[in-house]
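The data block below is coords_34.cif; it holds mmCIF, C-alpha atoms.
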data_start
loop_
_atom_site.label_atom_id
_atom_site.label_comp_id
_atom_site.auth_asym_id
_atom_site.auth_seq_id
_atom_site.Cartn_x
_atom_site.Cartn_y
_atom_site.Cartn_z
CA MET A 15 0.00 0.00 0.00
CA THR A 16 1.37 3.39 -0.95
CA PHE A 17 0.98 6.34 1.37
CA VAL A 18 1.86 10.00 0.98
CA VAL A 19 3.16 11.65 4.14
CA ARG A 20 3.58 15.41 4.30
CA ALA A 21 3.49 18.35 6.67
CA MET A 22 0.02 19.22 7.93
CA THR A 23 -1.62 22.30 6.41
CA ILE A 24 -4.49 24.41 7.70
CA GLU A 25 -6.69 22.80 5.04
CA ASP A 26 -6.12 19.42 6.74
CA VAL A 27 -7.62 20.54 10.06
CA PRO A 28 -11.27 19.48 9.43
CA ALA A 29 -10.28 15.92 8.44
CA CYS A 30 -7.87 15.63 11.38
CA VAL A 31 -10.52 16.86 13.81
CA VAL A 32 -12.93 14.17 12.57
CA ILE A 33 -10.25 11.52 13.19
CA ILE A 34 -9.28 12.71 16.68
CA ASN A 35 -12.85 13.35 17.82
CA HIS A 36 -13.94 9.89 16.72
CA THR A 37 -11.00 8.37 18.59
CA ILE A 38 -11.89 10.38 21.71
CA SER A 39 -15.53 9.20 21.45
CA LEU A 40 -14.39 5.57 21.51
CA GLY A 41 -12.69 6.09 24.87
CA GLY A 42 -9.64 4.38 26.32
CA SER A 43 -7.19 4.99 23.50
CA THR A 44 -6.16 8.56 24.24
CA ALA A 45 -5.77 10.75 27.30
CA TYR A 46 -7.88 13.39 25.54
CA GLU A 47 -11.41 13.27 26.92
CA ASP A 48 -13.09 16.29 25.32
CA PRO A 49 -13.66 16.74 21.58
CA TYR A 50 -11.62 19.32 19.73
CA ALA A 51 -13.01 22.40 18.01
CA GLU A 52 -11.16 23.14 14.77
CA ALA A 53 -9.67 26.40 16.11
CA ASP A 54 -8.29 24.66 19.22
CA PHE A 55 -6.88 21.81 17.16
CA ALA A 56 -5.18 24.28 14.79
CA ALA A 57 -3.67 26.22 17.69
CA HIS A 58 -2.34 23.03 19.29
CA TYR A 59 -0.82 21.55 16.13
CA PHE A 60 0.40 24.74 14.43
CA GLU A 61 1.46 26.90 17.38
CA GLU A 62 2.62 24.33 19.94
CA ALA A 63 3.87 21.35 17.92
CA GLU A 64 7.31 21.54 16.32
CA VAL A 65 6.32 18.75 13.91
CA SER A 66 2.83 18.08 12.48
CA ASN A 67 2.40 15.51 9.70
CA VAL A 68 -0.50 13.85 7.93
CA VAL A 69 -0.64 10.56 6.06
CA LEU A 70 -2.84 10.14 2.99
CA LYS A 71 -4.11 7.10 1.14
CA ASP A 72 -5.77 7.75 -2.20
CA HIS A 73 -5.79 11.52 -1.45
CA ARG A 74 -7.68 10.97 1.81
CA ILE A 75 -6.16 11.82 5.20
CA VAL A 76 -6.03 8.61 7.21
CA GLY A 77 -3.92 9.83 10.12
CA PHE A 78 -1.82 12.54 11.66
CA GLN A 79 1.05 12.84 14.08
CA GLY A 80 2.41 15.69 16.14
CA ALA A 81 5.68 16.03 18.04
CA PHE A 82 6.18 18.60 20.78
CA GLU A 83 9.60 19.45 22.20
CA VAL A 84 9.14 18.89 25.94
CA GLU A 85 12.79 19.45 26.87
CA PRO A 86 15.82 20.22 24.73
CA GLY A 87 16.15 17.43 22.15
CA VAL A 88 13.22 15.38 23.51
CA PHE A 89 10.00 15.29 21.52
CA SER A 90 6.70 13.92 22.84
CA ILE A 91 4.66 12.33 20.07
CA GLY A 92 0.95 11.86 19.54
CA SER A 93 -0.46 9.64 16.79
CA PHE A 94 -4.00 9.26 15.51
CA THR A 95 -5.31 7.17 12.62
CA ASP A 96 -8.76 6.83 11.11
CA GLN A 97 -10.64 4.23 13.16
CA LEU A 98 -13.70 4.33 10.89
CA ASN A 99 -11.78 3.34 7.74
CA PRO A 100 -8.43 1.97 8.94
CA ALA A 101 -5.49 1.92 6.53
CA ARG A 102 -2.99 -0.69 7.69
CA GLY A 103 0.55 0.68 7.65
CA ALA A 104 -0.42 4.36 7.90
CA GLY A 105 1.11 4.74 11.36
CA ALA A 106 4.47 3.31 10.28
CA ALA A 107 4.53 5.54 7.19
CA MET A 108 3.94 8.75 9.12
CA PHE A 109 6.33 7.81 11.93
CA GLU A 110 9.21 7.59 9.46
CA LYS A 111 8.71 11.25 8.42
CA THR A 112 8.15 12.42 11.99
CA ARG A 113 11.33 10.61 13.10
CA VAL A 114 13.36 12.31 10.36
CA ASP A 115 11.80 15.71 11.15
CA CYS A 116 12.60 15.42 14.88
CA LYS A 117 16.18 14.38 14.12
CA ARG A 118 16.55 17.34 11.73
CA LEU A 119 15.42 19.66 14.54
CA GLY A 120 18.21 18.37 16.79
CA GLY A 121 16.20 15.72 18.56
CA THR A 122 17.97 13.07 20.59
CA SER A 123 14.87 11.02 21.42
CA ILE A 124 11.12 10.78 20.98
CA ILE A 125 8.86 9.78 23.84
CA ALA A 126 5.31 8.48 23.79
CA LYS A 127 3.11 8.77 26.89
CA ILE A 128 0.48 6.05 26.63
CA THR A 129 -2.29 5.28 29.09
CA GLU A 130 -2.12 1.69 30.29
CA ASP A 131 -5.60 0.94 28.89
CA ASN A 132 -4.53 1.95 25.36
CA THR A 133 -3.38 -1.50 24.28
CA GLY A 134 -3.35 -0.53 20.60
CA GLY A 135 -1.05 2.42 21.30
CA LEU A 136 1.28 0.30 23.41
CA VAL A 137 1.57 -2.25 20.60
CA TYR A 138 2.03 0.43 17.92
CA TYR A 139 4.86 2.24 19.68
CA SER A 140 6.61 -1.04 20.50
CA LYS A 141 6.41 -2.01 16.80
CA MET A 142 7.98 1.34 15.89
CA GLY A 143 10.96 0.53 18.12
CA PHE A 144 10.05 2.44 21.28
CA VAL A 145 11.16 0.84 24.55
CA ASP A 146 9.64 1.20 28.01
CA ASP A 147 11.28 4.05 29.90
CA TYR A 148 9.20 4.56 33.06
CA VAL A 149 5.65 4.49 34.44
CA LYS A 150 3.73 7.41 35.91
CA PRO A 151 1.33 5.73 38.39
CA ALA A 152 -2.29 6.91 38.40
CA ASP A 153 -1.36 9.75 36.03
CA HIS A 154 -4.72 10.08 34.31
CA THR A 155 -8.31 9.96 35.55
CA ARG A 156 -10.99 8.70 33.19
CA PRO A 157 -14.47 10.32 33.22
CA ASP A 158 -15.80 7.39 35.29
CA GLY A 159 -13.29 8.24 38.05
CA ARG A 160 -10.96 5.33 37.33
CA THR A 161 -7.26 6.21 37.39
CA VAL A 162 -4.81 4.70 34.93
CA ASP A 163 -1.05 4.63 34.78
CA ARG A 164 0.77 6.31 31.94
CA ILE A 165 3.56 4.30 30.38
CA VAL A 166 6.35 6.37 28.87
CA LYS A 167 8.21 4.76 25.98
CA ARG A 168 11.36 6.20 24.38
CA TYR A 169 12.82 6.01 20.89
CA PRO A 170 16.46 7.12 20.62
CA LEU A 171 17.33 9.18 17.55
#

Please express what this file holds, its structure, as structure tokens.
Amino acid sequence: MTFVVRAMTIEDVPACVVIINHTISLGGSTAYEDPYAEADFAAHYFEEAEVSNVVLKDHRIVGFQGAFEVEPGVFSIGSFTDQLNPARGAGAAMFEKTRVDCKRLGGTSIIAKITEDNTGGLVYYSKMGFVDDYVKPADHTRPDGRTVDRIVKRYPL
């Protein structure tokens, strides 16, 4: 399957918001609990993220990834793919560009902070070569009051 991966543009925001809001509505696979408005999404991914990429299949956005420099040389990554019409391999395709972009910006590592109940995210980041770094116990509270650990994985650049 051939994917096109490129930097996110403002025109991509509506499609990305549909993807992230659907993922949020499913529950348990992101720490985000509230849906995004397009303006808030744009501010987060264009003003705060050092790297924002989208992945397309047949000219349709099927995922996006952002990387935020949380300390010098360390980027925290967030990945979202279309759960309504999954495109197998989209996550790996976009990670390759994000990895190169973070390295180009002087990155020494990329971290992923994954809630323990996000089994898909834990598997994805392990497949990409991330290794367990540490656990933040009871770091996130779900709407039902349940607390979950956050597992931090690291990918050296």

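Counting only C-alpha atoms and comparing A:Phe89, A:Gly159, A:Thr16, A:Met142, the residue that lies closest to Glu110 (chain A) is A:Met142.
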
**Request:** List the residues matched by the PyMOL selection byres ((chain A and resi 75) around 12) in the displayed structure as an NGL selection string, ordered by chain and then by residue number.
**Result:** :A and (17-23 or 25-34 or 67-74 or 76-79 or 94-97 or 99-101 or 104-105 or 108)

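Proximity to Tyr59 (chain A) at 9 Å, evaluated using all atoms listed in the file and with sequence-adjacent residues fewer than 4 positions away removed, yields Met22, Asp54, Phe55, Ala63, Glu64, Val65, Ser66, Gly80, Ala81 and Phe82 of chain A.
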
**Request:** Step by step, work through what the PyMOL selection byres ((chain A and resi 88) around 6) selects in the shown file, and finish by giving those residues as a ChimeraX atom specification.
**Result:** /A:83-87,89,121,123-124

**Prompt:** A:Ala106, A:Ala126, A:Ala152, A:Ala57: which is nearest Arg168 (chain A), counting only C-alpha atoms?
**Reply:** A:Ala126

**Prompt:** Quick one: distance from CA of Phe109 (chain A) to CA of Gly92 (chain A) in Å, one decimal?
**Reply:** 10.2 Å

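Applied to this file, the PyMOL selection byres ((chain A and resi 167) around 8) selects Ile125, Ala126, Lys127, Ile128, Tyr139, Phe144, Val145, Asp146, Asp147, Tyr148, Ile165, Val166, Arg168 and Tyr169 of chain A.
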
**Prompt:** Using only C-alpha atoms, which residues sit within 6 Å of Thr129 (chain A) once same-chain residues fewer than 3 positions away are excluded, as a PyMOL selection string?
**Reply:** chain A and resi 132+163-164

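Proximity of A:Tyr50, A:Thr112, A:Ser39, A:Arg102 to Tyr138 (chain A), computed with all atoms listed in the file, is greatest for A:Arg102.
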
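In this model, the gap between CA of Ser140 (chain A) and CA of Asp48 (chain A) comes to 26.7 Å.
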
**Request:** Could you please determine the separation between CA of Ile38 (chain A) and CA of Val162 (chain A) in Å, to one decimal place?
**Result:** 16.0 Å

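In this comparison, which uses all atoms listed in the file, the residue of A:Val137, A:Ala107, A:Leu171, A:Ala56 approaching Thr122 (chain A) most closely is A:Leu171.
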